[in-house]
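Structure first, commentary second.
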Amino acid sequence: MDAMDKRFRANFINSVTGYKSANLLGTVNQEGVTNLAVFSSITHLGSNPPLVGFITRPTVVERHTYANVKTTGFFTVNHIHAAIIEEAHQTSARYDTQVSEFDATGLTAEFIKDFKAPFVVEAHIKIACRYVNEYHIKENGTLLVVGAMEDIYLPEGIHDTEDGWIDLSKARGVTINGLDSYAEPQLLDRLQYAKPDTPTTSILKK
Ligand SMILES: Cc1cc2nc3c(=O)[nH]c(=O)nc-3n(C[C@H](O)[C@H](O)[C@H](O)COP(=O)(O)O)c2cc1C
């Protein structure tokens, strides 16, 4: 792998671990300039308390999302869906600090209540997060940023009101393959909580 061309390795290694979550992180700086960036490393860390984590690349160049999260203490997580993949991808371009990716891409920023980070109006599933902690990954200089969920906004009718499960396909949520590809997954089944000696059965309400 060391012998691979840099770009080739980036594509190859970013794809090989499987499909990743697709989110736009919304933040604002001290001057009030909003920022939006696509992240494929947002992951669930635990549900009690509800925590998310994301990996930010080494801060050897300006990282607006990270800088804003550190300054304000807040960020939003907005799921990318099929109708906004081009705009979402464009947010990865290196815009100047004074330029808002909302303006550059045409996505709409919305501040809800007095939460100190912008949400994406066009997104269907949105999470308000508060910075909690960060961990330096010394092997490659990246940072794992930990956030606490403060609020969740969902469209009506996409979650199971009895057990809480969210049907992401109803929100047309996409997944990221590598660094430049977006795919729309299809629900195959929902299976019962697995127990030894118990057959695997479907619990999907049809
Ligand atoms: C599909 C995709 C996924 C990405 N995921 C991440 C990620 O998980 N972490 C990260 O630091 N950058 C990631 N990036 C790069 C950022 O989107 C890019 O560096 C962006 O300019 C950061 O913006 P900011 O400086 O406004 O935070 C990703 C880019 C693409 C295209």
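Going by the structure tokens order, chains are called A, B, ..., each with residues numbered from 1, while ligands are numbered from 1 in the order shown.
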
What lies within 7 Å of stretch 88-96 of chain A using only C-alpha atoms, ignoring chain neighbours under 4 positions off, as a list in words?
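Residues meeting the cut-off are Leu24, Leu36, Ala37, Val38, Ile80, Ile84, Glu101 and Thr105 of chain A.
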
With C-alpha atoms retained, could you export that selection as an mmCIF file, in the first residue's frame?
```cif
data_model
loop_
_atom_site.group_PDB
_atom_site.id
_atom_site.type_symbol
_atom_site.label_atom_id
_atom_site.label_comp_id
_atom_site.auth_asym_id
_atom_site.auth_seq_id
_atom_site.Cartn_x
_atom_site.Cartn_y
_atom_site.Cartn_z
ATOM 1 C CA LEU A 24 -23.282 18.097 6.727
ATOM 2 C CA LEU A 36 -21.073 23.911 6.266
ATOM 3 C CA ALA A 37 -18.929 20.850 5.453
ATOM 4 C CA VAL A 38 -19.540 17.259 4.388
ATOM 5 C CA ILE A 80 -27.569 14.242 3.314
ATOM 6 C CA ILE A 84 -28.924 17.476 -2.267
ATOM 7 C CA GLU A 101 -20.793 27.336 2.093
ATOM 8 C CA THR A 105 -24.023 26.063 -2.625
#
```

Fewer than 2 positions away in the same chain doesn't count, so skip those; otherwise give me all residues within 12 Å of A:Gly157, counting only C-alpha atoms, as a list in words.
His124, Leu154, Pro155, His159, Asp160, Thr161, Gly164, Trp165, Ile166, Asp167, Leu168, Ser169, Lys170 and Ala171 of chain A

Output N, CA and C atoms for every residue in that selection, as a short mmCIF file (atom, residue, chain, number, x, y, z; two decimals), in the first residue's frame.
```cif
data_model
loop_
_atom_site.label_atom_id
_atom_site.label_comp_id
_atom_site.auth_asym_id
_atom_site.auth_seq_id
_atom_site.Cartn_x
_atom_site.Cartn_y
_atom_site.Cartn_z
N HIS A 124 -33.54 16.50 6.07
CA HIS A 124 -34.74 15.96 6.72
C HIS A 124 -34.48 15.62 8.17
N LEU A 154 -36.99 15.63 13.17
CA LEU A 154 -37.31 14.58 12.19
C LEU A 154 -38.60 14.91 11.48
N PRO A 155 -38.74 14.48 10.21
CA PRO A 155 -40.05 14.64 9.58
C PRO A 155 -41.04 13.65 10.22
N HIS A 159 -40.38 7.43 11.85
CA HIS A 159 -39.89 6.55 12.91
C HIS A 159 -41.02 5.75 13.52
N ASP A 160 -40.63 4.58 14.02
CA ASP A 160 -41.59 3.68 14.64
C ASP A 160 -41.96 4.26 16.00
N THR A 161 -43.22 4.63 16.15
CA THR A 161 -43.62 5.32 17.38
C THR A 161 -43.64 4.38 18.59
N GLY A 164 -39.11 3.32 18.38
CA GLY A 164 -38.13 4.39 18.15
C GLY A 164 -37.30 4.27 16.90
N TRP A 165 -37.29 3.11 16.27
CA TRP A 165 -36.46 2.90 15.07
C TRP A 165 -36.84 3.90 13.97
N ILE A 166 -35.79 4.47 13.34
CA ILE A 166 -36.03 5.43 12.25
C ILE A 166 -35.80 4.75 10.91
N ASP A 167 -36.75 4.85 10.00
CA ASP A 167 -36.60 4.29 8.66
C ASP A 167 -35.91 5.34 7.79
N LEU A 168 -34.57 5.22 7.70
CA LEU A 168 -33.79 6.23 6.98
C LEU A 168 -34.15 6.29 5.50
N SER A 169 -34.62 5.17 4.96
CA SER A 169 -34.96 5.16 3.54
C SER A 169 -36.14 6.08 3.24
N LYS A 170 -37.02 6.26 4.25
CA LYS A 170 -38.17 7.16 4.05
C LYS A 170 -37.71 8.61 3.92
N ALA A 171 -36.54 8.91 4.49
CA ALA A 171 -36.01 10.27 4.37
C ALA A 171 -35.04 10.37 3.19
#
```

Taking the backbone alone, and naming residues the way the document does, which bits of stretch 4-184 of chain A are alpha helix (DSSP H) by DSSP, as a ChimeraX atom specification?
/A:6-16,64-72,85-90,101-105

With C-alpha atoms kept, could you save the residues just selected as a CSV table (one decimal), in the first residue's frame?
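Output file part_30.csv follows:
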```csv
chain,number,residue,atom,x,y,z
A,6,LYS,CA,-1.4,9.2,-3.1
A,7,ARG,CA,-4.8,9.7,-4.8
A,8,PHE,CA,-5.2,6.1,-5.6
A,9,ARG,CA,-4.5,5.1,-2.0
A,10,ALA,CA,-6.9,7.8,-0.7
A,11,ASN,CA,-9.7,6.4,-2.9
A,12,PHE,CA,-8.9,2.8,-2.2
A,13,ILE,CA,-8.5,3.1,1.6
A,14,ASN,CA,-11.5,5.4,2.0
A,15,SER,CA,-13.7,2.8,0.3
A,16,VAL,CA,-12.4,-0.5,1.7
A,64,HIS,CA,-13.3,25.9,9.9
A,65,THR,CA,-15.7,23.3,11.3
A,66,TYR,CA,-13.3,22.4,14.1
A,67,ALA,CA,-12.3,26.0,14.8
A,68,ASN,CA,-16.0,27.0,15.0
A,69,VAL,CA,-16.9,24.1,17.2
A,70,LYS,CA,-14.1,25.0,19.6
A,71,THR,CA,-15.1,28.7,19.7
A,72,THR,CA,-18.8,28.3,20.0
A,85,ILE,CA,-25.8,15.4,-3.0
A,86,GLU,CA,-24.2,17.9,-5.4
A,87,GLU,CA,-24.6,20.8,-3.0
A,88,ALA,CA,-23.4,18.6,-0.1
A,89,HIS,CA,-20.3,17.5,-2.0
A,90,GLN,CA,-19.5,21.1,-3.0
A,101,GLU,CA,-20.8,27.3,2.1
A,102,PHE,CA,-24.5,28.0,2.5
A,103,ASP,CA,-24.2,30.9,0.1
A,104,ALA,CA,-21.8,29.1,-2.2
A,105,THR,CA,-24.0,26.1,-2.6
```

Write out as a VMD selection string the residues lying within 7 Å of stretch 172-179 of chain A, counting only C-alpha atoms and excluding same-chain residues fewer than 6 positions away.
chain A and resid 11 14 to 15 18 to 22 40 79 to 82 185

Per DSSP on the backbone, filter stretch 58-185 of chain A down to the residues in strand (DSSP E) and report them as a PyMOL selection string.
chain A and resi 74-79+109-110+119-120+126-137+142-153+175-177+181-183

Could you please take those selected residues and save C-alpha atoms as a compact mmCIF listing (two decimals), in the first residue's frame?
```txt
# COMPACT_ATOMS: atom_id res chain seq x y z
CA PHE A 74 -21.89 23.83 19.17
CA PHE A 75 -22.50 22.15 15.81
CA THR A 76 -25.38 20.62 13.89
CA VAL A 77 -25.45 17.28 12.08
CA ASN A 78 -27.69 17.25 8.99
CA HIS A 79 -28.26 14.02 7.03
CA ALA A 109 -29.17 28.09 6.87
CA GLU A 110 -31.67 28.18 9.68
CA PHE A 119 -29.22 23.78 10.55
CA VAL A 120 -29.72 22.92 6.88
CA LYS A 126 -31.10 17.20 11.96
CA ILE A 127 -29.27 16.91 15.26
CA ALA A 128 -28.18 19.75 17.54
CA CYS A 129 -24.88 18.88 19.26
CA ARG A 130 -22.77 20.39 22.02
CA TYR A 131 -18.99 19.91 22.06
CA VAL A 132 -17.98 17.69 24.96
CA ASN A 133 -14.41 16.55 24.44
CA GLU A 134 -11.76 15.61 21.91
CA TYR A 135 -9.11 12.91 21.63
CA HIS A 136 -5.90 13.27 19.69
CA ILE A 137 -5.15 10.22 17.54
CA THR A 142 -6.44 13.41 13.48
CA LEU A 143 -8.86 14.32 16.25
CA LEU A 144 -11.93 12.49 17.46
CA VAL A 145 -14.41 15.15 18.51
CA VAL A 146 -17.18 14.04 20.87
CA GLY A 147 -20.54 15.79 20.90
CA ALA A 148 -23.65 15.42 23.05
CA MET A 149 -27.02 15.42 21.28
CA GLU A 150 -29.20 18.24 22.60
CA ASP A 151 -32.12 18.16 20.18
CA ILE A 152 -33.30 16.07 17.22
CA TYR A 153 -35.58 17.17 14.39
CA THR A 175 -24.44 6.77 2.31
CA ILE A 176 -20.89 7.63 1.27
CA ASN A 177 -18.67 5.22 -0.67
CA SER A 181 -19.52 8.65 -4.27
CA TYR A 182 -23.01 8.79 -2.83
CA ALA A 183 -25.39 5.82 -2.82
```

Neighbour list for A:Glu31 as a PDB file with C-alpha atoms, in the first residue's frame, cut-off 12 Å, only C-alpha atoms, skip fewer than 2 positions in-chain:
```pdb
ATOM      1  CA  THR A  27     -21.266  25.787  12.489  1.00  0.00           C
ATOM      2  CA  VAL A  28     -20.824  29.534  12.836  1.00  0.00           C
ATOM      3  CA  ASN A  29     -17.756  31.612  13.659  1.00  0.00           C
ATOM      4  CA  VAL A  33     -20.211  33.665   9.228  1.00  0.00           C
ATOM      5  CA  THR A  34     -21.935  30.293   8.841  1.00  0.00           C
ATOM      6  CA  ASN A  35     -19.994  27.229   7.726  1.00  0.00           C
ATOM      7  CA  ASN A  68     -15.971  27.006  15.035  1.00  0.00           C
ATOM      8  CA  THR A  71     -15.069  28.701  19.654  1.00  0.00           C
ATOM      9  CA  THR A  72     -18.824  28.343  20.018  1.00  0.00           C
ATOM     10  CA  THR A  97     -13.245  31.843   6.133  1.00  0.00           C
ATOM     11  CA  GLN A  98     -15.436  34.801   5.087  1.00  0.00           C
ATOM     12  CA  VAL A  99     -17.361  32.690   2.562  1.00  0.00           C
ATOM     13  CA  SER A 100     -20.326  30.691   3.812  1.00  0.00           C
TER      14      SER A 100
END
```

How many Å lie between atom CA of A:Leu107 and atom CA of A:Val60, rounded to one decimal?
28.1 Å
